[in-house]
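Here is query_13.cif, consisting of mmCIF, C-alpha atoms:
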```cif
data_structure
loop_
_atom_site.group_PDB
_atom_site.id
_atom_site.type_symbol
_atom_site.label_atom_id
_atom_site.label_comp_id
_atom_site.auth_asym_id
_atom_site.auth_seq_id
_atom_site.Cartn_x
_atom_site.Cartn_y
_atom_site.Cartn_z
ATOM 1 C CA MET A 214 0.000 0.000 0.000
ATOM 2 C CA VAL A 215 1.266 3.488 -0.891
ATOM 3 C CA VAL A 216 0.352 6.327 1.452
ATOM 4 C CA ALA A 217 0.395 9.877 0.105
ATOM 5 C CA PRO A 218 2.648 12.221 2.067
ATOM 6 C CA GLY A 219 0.884 14.682 4.356
ATOM 7 C CA PHE A 220 0.757 18.380 3.530
ATOM 8 C CA ALA A 221 0.861 20.997 6.284
ATOM 9 C CA HIS A 222 0.224 24.645 5.470
ATOM 10 C CA ALA A 223 2.079 27.051 7.726
ATOM 11 C CA ALA A 224 0.010 29.927 9.056
ATOM 12 C CA THR A 225 1.965 33.164 9.051
ATOM 13 C CA ILE A 226 1.811 34.849 12.444
ATOM 14 C CA PHE A 227 4.219 37.662 11.598
ATOM 15 C CA SER A 228 6.112 38.647 8.456
ATOM 16 C CA GLU A 229 8.330 41.619 7.635
ATOM 17 C CA ASN A 230 10.693 41.986 4.655
ATOM 18 C CA PHE A 231 11.012 45.793 4.882
ATOM 19 C CA ASP A 232 10.288 46.223 1.172
ATOM 20 C CA GLU A 233 7.714 48.907 1.974
ATOM 21 C CA THR A 234 10.402 51.064 3.592
ATOM 22 C CA ALA A 235 12.459 53.714 1.806
ATOM 23 C CA PRO A 236 16.117 52.839 1.136
ATOM 24 C CA GLY A 237 18.364 55.749 1.914
ATOM 25 C CA SER A 238 16.425 56.713 5.039
ATOM 26 C CA VAL A 239 18.949 57.014 7.857
ATOM 27 C CA ASN A 240 18.663 57.252 11.631
ATOM 28 C CA VAL A 241 14.991 56.206 11.601
ATOM 29 C CA THR A 242 13.037 55.053 14.647
ATOM 30 C CA THR A 243 10.451 52.992 12.750
ATOM 31 C CA ALA A 244 11.142 50.324 10.124
ATOM 32 C CA GLY A 245 8.160 48.419 8.799
ATOM 33 C CA SER A 246 6.496 46.660 11.735
ATOM 34 C CA PHE A 247 9.452 47.394 14.028
ATOM 35 C CA THR A 248 10.043 50.359 16.311
ATOM 36 C CA ALA A 249 13.422 51.426 17.658
ATOM 37 C CA THR A 250 13.407 51.049 21.422
ATOM 38 C CA VAL A 251 17.076 52.029 21.692
ATOM 39 C CA GLY A 252 18.987 54.237 19.251
ATOM 40 C CA ASN A 253 18.019 54.184 15.579
ATOM 41 C CA VAL A 254 18.596 52.236 12.356
ATOM 42 C CA ASP A 255 19.091 52.804 8.619
ATOM 43 C CA GLU A 256 16.955 51.529 5.738
ATOM 44 C CA VAL A 257 19.414 50.446 3.046
ATOM 45 C CA GLY A 258 19.384 48.666 -0.295
ATOM 46 C CA GLY A 259 17.589 49.266 -3.560
ATOM 47 C CA ALA A 260 19.350 51.346 -6.208
ATOM 48 C CA ILE A 261 20.899 53.572 -3.540
ATOM 49 C CA ASP A 262 22.960 50.811 -1.926
ATOM 50 C CA ASN A 263 22.840 48.346 -4.797
ATOM 51 C CA GLY A 264 24.013 44.891 -3.741
ATOM 52 C CA ILE A 265 24.397 45.540 -0.043
ATOM 53 C CA CYS A 266 21.409 43.315 0.822
ATOM 54 C CA ALA A 267 23.192 40.186 -0.381
ATOM 55 C CA SER A 268 21.291 36.955 -0.985
ATOM 56 C CA PRO A 269 19.194 35.611 0.680
ATOM 57 C CA GLU A 270 18.303 39.171 1.595
ATOM 58 C CA SER A 271 16.818 41.255 -1.191
ATOM 59 C CA ASN A 272 15.803 44.758 -2.159
ATOM 60 C CA VAL A 273 15.614 46.640 1.163
ATOM 61 C CA CYS A 274 17.131 45.541 4.468
ATOM 62 C CA ILE A 275 17.840 47.191 7.814
ATOM 63 C CA ASP A 276 21.258 48.318 9.017
ATOM 64 C CA LEU A 277 20.922 47.835 12.768
ATOM 65 C CA ASP A 278 23.260 50.768 13.421
ATOM 66 C CA GLY A 279 22.006 54.219 12.525
ATOM 67 C CA ASN A 280 24.170 56.937 13.996
ATOM 68 C CA THR A 281 24.423 54.643 17.018
ATOM 69 C CA ALA A 282 23.758 50.999 17.834
ATOM 70 C CA GLY A 283 20.045 50.371 17.315
ATOM 71 C CA GLN A 284 17.551 48.022 18.917
ATOM 72 C CA ILE A 285 14.247 47.373 17.135
ATOM 73 C CA THR A 286 11.192 45.586 18.500
ATOM 74 C CA ALA A 287 7.965 44.248 16.970
ATOM 75 C CA THR A 288 4.883 43.422 19.039
ATOM 76 C CA ILE A 289 3.271 40.077 18.201
ATOM 77 C CA ASN A 290 0.031 38.781 19.705
ATOM 78 C CA ILE A 291 0.182 35.025 20.358
ATOM 79 C CA THR A 292 -3.288 33.607 21.091
ATOM 80 C CA THR A 293 -2.509 29.889 21.305
ATOM 81 C CA ALA A 294 0.151 27.980 23.185
ATOM 82 C CA GLY A 295 2.250 25.637 21.076
ATOM 83 C CA THR A 296 5.336 25.345 18.912
ATOM 84 C CA TYR A 297 6.228 28.222 16.619
ATOM 85 C CA TYR A 298 9.013 28.672 14.078
ATOM 86 C CA LEU A 299 11.143 31.800 13.747
ATOM 87 C CA SER A 300 13.175 32.640 10.635
ATOM 88 C CA PHE A 301 15.262 35.680 9.735
ATOM 89 C CA ASP A 302 18.209 36.688 7.548
ATOM 90 C CA LEU A 303 21.037 38.466 9.330
ATOM 91 C CA ILE A 304 24.181 39.126 7.293
ATOM 92 C CA GLY A 305 27.448 41.015 7.740
ATOM 93 C CA SER A 306 27.648 44.783 7.629
ATOM 94 C CA ASP A 307 29.080 44.902 4.115
ATOM 95 C CA GLY A 308 26.786 42.542 2.239
ATOM 96 C CA PRO A 309 28.838 41.166 -0.659
ATOM 97 C CA GLY A 310 31.576 43.784 -0.106
ATOM 98 C CA GLY A 311 32.665 46.888 -1.907
ATOM 99 C CA PHE A 312 31.449 49.598 0.469
ATOM 100 C CA THR A 313 34.407 51.472 1.898
ATOM 101 C CA GLY A 314 34.421 51.517 5.694
ATOM 102 C CA ARG A 315 31.484 49.150 6.135
ATOM 103 C CA ASN A 316 33.416 45.899 6.432
ATOM 104 C CA VAL A 317 33.371 45.533 10.221
ATOM 105 C CA GLN A 318 32.619 42.649 12.566
ATOM 106 C CA THR A 319 29.167 42.898 14.125
ATOM 107 C CA THR A 320 27.402 41.287 17.065
ATOM 108 C CA THR A 321 23.603 41.118 17.294
ATOM 109 C CA ALA A 322 21.348 39.787 20.040
ATOM 110 C CA VAL A 323 17.877 38.377 19.293
ATOM 111 C CA SER A 324 15.088 38.195 21.870
ATOM 112 C CA PHE A 325 11.556 36.789 21.699
ATOM 113 C CA GLY A 326 9.573 36.866 24.924
ATOM 114 C CA LEU A 327 6.882 38.398 27.093
ATOM 115 C CA ASN A 328 9.088 41.250 28.278
ATOM 116 C CA THR A 329 10.335 44.326 26.483
ATOM 117 C CA CYS A 330 14.053 45.057 26.466
ATOM 118 C CA ALA A 331 15.366 48.297 27.899
ATOM 119 C CA SER A 332 18.811 47.335 26.596
ATOM 120 C CA PRO A 333 20.515 44.192 25.282
ATOM 121 C CA SER A 334 21.645 43.215 28.786
ATOM 122 C CA THR A 335 18.072 43.104 30.126
ATOM 123 C CA CYS A 336 16.674 40.498 27.702
ATOM 124 C CA VAL A 337 16.478 36.744 27.764
ATOM 125 C CA TYR A 338 17.713 36.007 24.278
ATOM 126 C CA TYR A 339 16.750 33.400 21.733
ATOM 127 C CA ASN A 340 20.382 33.678 20.682
ATOM 128 C CA PRO A 341 22.531 35.934 22.875
ATOM 129 C CA ASN A 342 25.194 36.714 20.290
ATOM 130 C CA ILE A 343 25.312 36.340 16.522
ATOM 131 C CA THR A 344 28.767 37.559 15.546
ATOM 132 C CA LEU A 345 29.427 38.047 11.847
ATOM 133 C CA ALA A 346 32.402 39.138 9.774
ATOM 134 C CA GLY A 347 31.717 42.096 7.493
ATOM 135 C CA ILE A 348 30.902 39.990 4.430
ATOM 136 C CA ASP A 349 29.424 36.925 6.193
ATOM 137 C CA THR A 350 26.221 36.019 4.328
ATOM 138 C CA ALA A 351 25.698 32.549 5.821
ATOM 139 C CA ASP A 352 26.207 32.225 9.573
ATOM 140 C CA GLY A 353 23.373 34.553 10.590
ATOM 141 C CA ILE A 354 20.694 32.918 8.435
ATOM 142 C CA VAL A 355 18.147 31.309 10.767
ATOM 143 C CA THR A 356 15.401 29.079 9.369
ATOM 144 C CA ASN A 357 12.572 27.509 11.372
ATOM 145 C CA ALA A 358 14.115 27.936 14.804
ATOM 146 C CA VAL A 359 11.754 26.288 17.293
ATOM 147 C CA VAL A 360 10.067 28.626 19.776
ATOM 148 C CA ASN A 361 7.895 26.904 22.396
ATOM 149 C CA ILE A 362 5.091 29.131 23.691
ATOM 150 C CA THR A 363 3.453 27.966 26.921
ATOM 151 C CA THR A 364 1.686 31.216 27.825
ATOM 152 C CA PRO A 365 -0.329 33.085 25.164
ATOM 153 C CA GLY A 366 -0.061 36.841 25.282
ATOM 154 C CA THR A 367 1.748 39.827 23.827
ATOM 155 C CA TYR A 368 5.279 38.900 22.785
ATOM 156 C CA TYR A 369 8.154 41.148 21.812
ATOM 157 C CA LEU A 370 10.593 40.235 19.037
ATOM 158 C CA THR A 371 13.781 42.280 19.354
ATOM 159 C CA PHE A 372 16.977 42.592 17.327
ATOM 160 C CA ALA A 373 19.639 44.516 19.239
ATOM 161 C CA SER A 374 22.946 45.633 17.790
ATOM 162 C CA GLU A 375 25.868 45.331 20.159
ATOM 163 C CA THR A 376 28.237 46.978 17.685
ATOM 164 C CA THR A 377 29.361 50.549 18.226
ATOM 165 C CA GLY A 378 29.676 52.931 15.304
ATOM 166 C CA PHE A 379 27.603 53.553 12.197
ATOM 167 C CA ASN A 380 27.663 50.085 10.610
ATOM 168 C CA GLY A 381 25.684 47.193 12.046
ATOM 169 C CA ALA A 382 24.547 43.813 10.795
ATOM 170 C CA LEU A 383 21.871 43.797 8.064
ATOM 171 C CA LEU A 384 18.424 42.317 8.811
ATOM 172 C CA ASP A 385 15.734 41.090 6.409
ATOM 173 C CA ASN A 386 12.945 38.522 5.901
ATOM 174 C CA VAL A 387 11.671 38.101 9.458
ATOM 175 C CA LEU A 388 9.007 35.392 9.670
ATOM 176 C CA LEU A 389 7.090 33.631 12.455
ATOM 177 C CA THR A 390 4.803 30.705 11.613
ATOM 178 C CA ASN A 391 2.891 28.129 13.636
ATOM 179 C CA SER A 392 3.821 25.075 11.555
ATOM 180 C CA LEU A 393 6.273 23.867 8.963
ATOM 181 C CA SER A 394 5.320 23.624 5.299
ATOM 182 C CA ALA A 395 5.682 20.052 4.064
ATOM 183 C CA VAL A 396 6.356 19.988 0.329
ATOM 184 C CA PRO A 397 6.976 16.557 -1.222
ATOM 185 C CA GLU A 398 10.266 16.038 -3.019
ATOM 186 C CA PRO A 399 10.063 15.615 -6.818
ATOM 187 C CA SER A 400 11.053 11.960 -6.463
ATOM 188 C CA THR A 401 8.163 11.483 -4.039
ATOM 189 C CA LEU A 402 5.759 13.008 -6.549
ATOM 190 C CA VAL A 403 7.005 10.640 -9.253
ATOM 191 C CA LEU A 404 6.622 7.653 -6.938
ATOM 192 C CA LEU A 405 3.158 8.761 -5.896
ATOM 193 C CA GLY A 406 2.093 9.338 -9.502
ATOM 194 C CA SER A 407 3.372 5.902 -10.545
ATOM 195 C CA ALA A 408 1.509 4.291 -7.676
ATOM 196 C CA LEU A 409 -1.757 6.006 -8.616
ATOM 197 C CA LEU A 410 -1.354 4.890 -12.234
ATOM 198 C CA GLY A 411 -0.737 1.349 -11.049
ATOM 199 C CA ILE A 412 -3.843 1.385 -8.882
ATOM 200 C CA GLY A 413 -5.895 2.707 -11.793
ATOM 201 C CA GLY A 414 -4.582 -0.028 -14.106
ATOM 202 C CA LEU A 415 -5.350 -2.720 -11.537
ATOM 203 C CA ARG A 416 -8.935 -1.497 -11.194
ATOM 204 C CA ARG A 417 -9.447 -1.543 -14.989
ATOM 205 C CA LEU A 418 -8.044 -5.081 -15.179
ATOM 206 C CA ARG A 419 -10.411 -6.279 -12.457
ATOM 207 C CA ALA A 420 -13.354 -4.582 -14.201
ATOM 208 C CA ARG A 421 -12.562 -6.413 -17.475
ATOM 209 C CA ARG A 422 -12.297 -9.747 -15.673
ATOM 210 C CA ASN A 423 -15.616 -9.253 -13.872
ATOM 211 C CA SER A 424 -17.386 -8.395 -17.143
ATOM 212 C CA ARG A 425 -16.500 -11.743 -18.689
#
```

Show this structure as structure tokens.
Amino acid sequence: MVVAPGFAHAATIFSENFDETAPGSVNVTTAGSFTATVGNVDEVGGAIDNGICASPESNVCIDLDGNTAGQITATINITTAGTYYLSFDLIGSDGPGGFTGRNVQTTTAVSFGLNTCASPSTCVYYNPNITLAGIDTADGIVTNAVVNITTPGTYYLTFASETTGFNGALLDNVLLTNSLSAVPEPSTLVLLGSALLGIGGLRRLRARRNSR
């Protein structure tokens, strides 16, 4: 017997890719769904900073240092206890490189909890320190990190730069879902299709035999 693989559709609880923001805006205190709770940040990318939001980031991303180290927070209402999945793209300050003076090591703290953060030292962090070289486009990419919620309520998702100066890590594609998307592999689809064809052929053969 062949059993078709299950399909789970992830419900998006929160999503922000910053594409509605204006690249070139510096020292801002709001960025998409996030508000600066400490310092300020820059909206970079697009034609103004072409290439700085290196893949997997795209178009517009957030430099977590404006004219000082910034800390941005989004408020998310969680109504049901359970397992959630957090994803975000955090890359080095220089994207793919080429911006004079931007290639610096950065450290970023990420918090997701019931309490707001007055400063990086006051938070309980999902990951206390993500340290990236200036052109690191891999080590800060987080996909489907498990977040277990036992108490529904108002949660605060915070990204806090711990890097002094004007150049922080670059943030994009923040996503919180309540389940994983299960997409069958192409080989699974082929196997499933072959099995269905086989079942159909067997039924036709039985029908011919019974009609004799």

### Counting all atoms listed in the file, the residue of A:Ala249, A:Ala331, A:Ala358, A:Val254 that sits nearest Thr296 in chain A
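The answer is A:Ala358, which sits nearest to Thr296 in chain A.
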
### Task
For the structure provided, state which residues fall under the PyMOL selection byres ((chain A and resi 357) around 8), and present them as an MDAnalysis selection string.
chainID A and resid 298:300 355:356 358:359 393

### Separation of CA of Asn328 in chain A from CA of Gly381 in chain A in Å
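Interatomic distance, CA of Gly381 in chain A to CA of Asn328 in chain A: 24.0 Å.
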
### Message
Can you translate the PyMOL selection byres ((chain A and resi 352) around 10) into the concrete residues it hits in this file, as a list in words?
### Response
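What the PyMOL selection byres ((chain A and resi 352) around 10) grabs from the file is Asp302, Leu303, Ile304, Gly305, Ile343, Thr344, Leu345, Ala346, Asp349, Thr350, Ala351, Gly353, Ile354 and Val355 of chain A.
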
### Task
Starting from the shown file, work through the PyMOL selection byres ((chain A and resi 247) around 6) and note down what comes out as a PyMOL selection string.
chain A and resi 243-246+248+285-287

Got time to write the residues from that selection, C-alpha atoms, as a compact mmCIF listing (two decimals), keeping the file's coordinate frame?
```
# COMPACT_ATOMS: atom_id res chain seq x y z
CA THR A 243 10.45 52.99 12.75
CA ALA A 244 11.14 50.32 10.12
CA GLY A 245 8.16 48.42 8.80
CA SER A 246 6.50 46.66 11.74
CA THR A 248 10.04 50.36 16.31
CA ILE A 285 14.25 47.37 17.14
CA THR A 286 11.19 45.59 18.50
CA ALA A 287 7.96 44.25 16.97
```

### Query
List as JSON, numbers by chain: which residues have an atom within 7 Å of (8.9, 39.4, 19.8), counting all atoms listed in the file?
{"A": [286, 287, 288, 289, 324, 325, 326, 368, 369, 370, 371]}

### Task
Skip Thr376 in chain A itself and residues of its chain fewer than 5 positions away, then list as a PyMOL selection string all residues within 7 Å of it, counting all atoms listed in the file.
chain A and resi 282+319-320+381

### Summary
What separates CA of Leu277 in chain A and CA of Gly308 in chain A is a distance of 13.2 Å

### Message
Report, in Å to a single decimal, how far apart CA of Ile261 in chain A and CA of Val323 in chain A are.
### Response
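Pair CA of Val323 in chain A / CA of Ile261 in chain A returns 27.6 Å.
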
### Query
For Thr390 in chain A, which of A:Asn280, A:Asn361, A:Arg315, A:Thr242 is the closest residue, counting only C-alpha atoms?
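Counting only C-alpha atoms, the residue closest to Thr390 in chain A is A:Asn361.
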
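Among the candidates A:Gly378, A:Pro309, A:Gly347, A:Gly264, the residue lying nearest to Thr281 in chain A is A:Gly378 (atoms considered: only C-alpha atoms).
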
### Query
Looking at all atoms listed in the file, which of A:Ile348, A:Cys330, A:Ile362, A:Val257 is the one that sits closest to Ala294 in chain A?
A:Ile362

### Query
With only C-alpha atoms as the basis for distance, which of A:Ala322, A:Ala267, A:Leu327, A:Ile291 is at the shortest distance from Ala373 in chain A?
A:Ala322

### Counting all atoms listed in the file, the residue of A:Asn316, A:Thr364, A:Asn263, A:Asn272 that sits nearest Phe231 in chain A
A:Asn272

### Task
Name the residues in contact with Ile265 in chain A at a cut-off of 9 Å, using only C-alpha atoms, excluding same-chain residues fewer than 6 positions from it; report them as a list in words.
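Once the nearby chain positions are removed, what remains is Val257, Gly258, Gly259, Ser271, Asn272, Val273, Cys274, Ser306, Asp307, Gly308, Pro309, Gly310, Gly311, Phe312 and Leu383 of chain A.
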
Step by step, gather every atom of range 348-353 of chain A that the file lists, find the box along x, y and z that holds them, add 3 Å on each side, and finally give centre and edge lengths in Å to one decimal, as AutoDock Vina command-line options.
```
--center_x 27.1 --center_y 36.1 --center_z 7.5 --size_x 13.5 --size_y 13.8 --size_z 12.3
```

### Query
Taking (15.6, 58.2, 3.2) in the file's coordinates, which residues come within 10 Å, counting only C-alpha atoms, written as a PyMOL selection string?
chain A and resi 234-241+255-257+261

Write a file for range 295-327 of chain A of the given structure; include N, CA and C atoms and format it as a compact mmCIF listing (two decimals), in the first residue's frame.
```txt
# COMPACT_ATOMS: atom_id res chain seq x y z
N GLY A 295 1.82 26.66 22.02
CA GLY A 295 2.25 25.64 21.08
C GLY A 295 3.65 25.91 20.57
N THR A 296 4.02 25.21 19.52
CA THR A 296 5.34 25.35 18.91
C THR A 296 5.26 26.29 17.72
N TYR A 297 6.15 27.26 17.71
CA TYR A 297 6.23 28.22 16.62
C TYR A 297 7.63 28.17 16.01
N TYR A 298 7.75 28.76 14.81
CA TYR A 298 9.01 28.67 14.08
C TYR A 298 9.43 30.07 13.63
N LEU A 299 10.62 30.47 14.04
CA LEU A 299 11.14 31.80 13.75
C LEU A 299 12.25 31.72 12.70
N SER A 300 12.16 32.56 11.68
CA SER A 300 13.17 32.64 10.63
C SER A 300 13.56 34.10 10.42
N PHE A 301 14.82 34.34 10.10
CA PHE A 301 15.26 35.68 9.73
C PHE A 301 16.61 35.58 9.04
N ASP A 302 16.93 36.61 8.25
CA ASP A 302 18.21 36.69 7.55
C ASP A 302 19.02 37.82 8.15
N LEU A 303 20.13 37.48 8.75
CA LEU A 303 21.04 38.47 9.33
C LEU A 303 22.40 38.26 8.69
N ILE A 304 22.90 39.27 7.98
CA ILE A 304 24.18 39.13 7.29
C ILE A 304 25.14 40.22 7.74
N GLY A 305 26.40 40.08 7.33
CA GLY A 305 27.45 41.01 7.74
C GLY A 305 27.19 42.43 7.28
N SER A 306 27.90 43.36 7.85
CA SER A 306 27.65 44.78 7.63
C SER A 306 27.88 45.22 6.19
N ASP A 307 28.67 44.46 5.45
CA ASP A 307 29.08 44.90 4.12
C ASP A 307 28.38 44.17 2.98
N GLY A 308 27.41 43.31 3.31
CA GLY A 308 26.79 42.54 2.24
C GLY A 308 27.84 41.78 1.45
N PRO A 309 27.84 41.88 0.14
CA PRO A 309 28.84 41.17 -0.66
C PRO A 309 30.18 41.89 -0.73
N GLY A 310 30.32 43.04 -0.10
CA GLY A 310 31.58 43.78 -0.11
C GLY A 310 31.52 44.97 -1.05
N GLY A 311 32.55 45.79 -0.97
CA GLY A 311 32.66 46.89 -1.91
C GLY A 311 32.29 48.24 -1.36
N PHE A 312 31.82 48.32 -0.10
CA PHE A 312 31.45 49.60 0.47
C PHE A 312 32.53 50.02 1.45
N THR A 313 33.27 51.03 1.10
CA THR A 313 34.41 51.47 1.90
C THR A 313 33.98 51.81 3.32
N GLY A 314 34.67 51.21 4.30
CA GLY A 314 34.42 51.52 5.69
C GLY A 314 33.34 50.69 6.35
N ARG A 315 32.58 49.90 5.56
CA ARG A 315 31.48 49.15 6.14
C ARG A 315 31.92 47.76 6.62
N ASN A 316 33.03 47.28 6.16
CA ASN A 316 33.42 45.90 6.43
C ASN A 316 33.95 45.77 7.86
N VAL A 317 33.01 45.66 8.81
CA VAL A 317 33.37 45.53 10.22
C VAL A 317 32.67 44.31 10.81
N GLN A 318 33.26 43.75 11.85
CA GLN A 318 32.62 42.65 12.57
C GLN A 318 31.46 43.19 13.40
N THR A 319 30.35 42.46 13.38
CA THR A 319 29.17 42.90 14.12
C THR A 319 28.71 41.81 15.07
N THR A 320 28.04 42.22 16.14
CA THR A 320 27.40 41.29 17.07
C THR A 320 25.97 41.75 17.29
N THR A 321 25.02 40.81 17.16
CA THR A 321 23.60 41.12 17.29
C THR A 321 22.97 40.14 18.27
N ALA A 322 22.11 40.64 19.13
CA ALA A 322 21.35 39.79 20.04
C ALA A 322 19.90 39.74 19.58
N VAL A 323 19.26 38.57 19.72
CA VAL A 323 17.88 38.38 19.29
C VAL A 323 17.07 37.88 20.48
N SER A 324 15.94 38.56 20.74
CA SER A 324 15.09 38.19 21.87
C SER A 324 13.65 38.00 21.40
N PHE A 325 12.98 36.99 21.97
CA PHE A 325 11.56 36.79 21.70
C PHE A 325 10.90 36.33 23.00
N GLY A 326 10.14 37.21 23.62
CA GLY A 326 9.57 36.87 24.92
C GLY A 326 8.48 37.82 25.33
N LEU A 327 8.00 37.62 26.57
CA LEU A 327 6.88 38.40 27.09
C LEU A 327 7.30 39.76 27.63
```
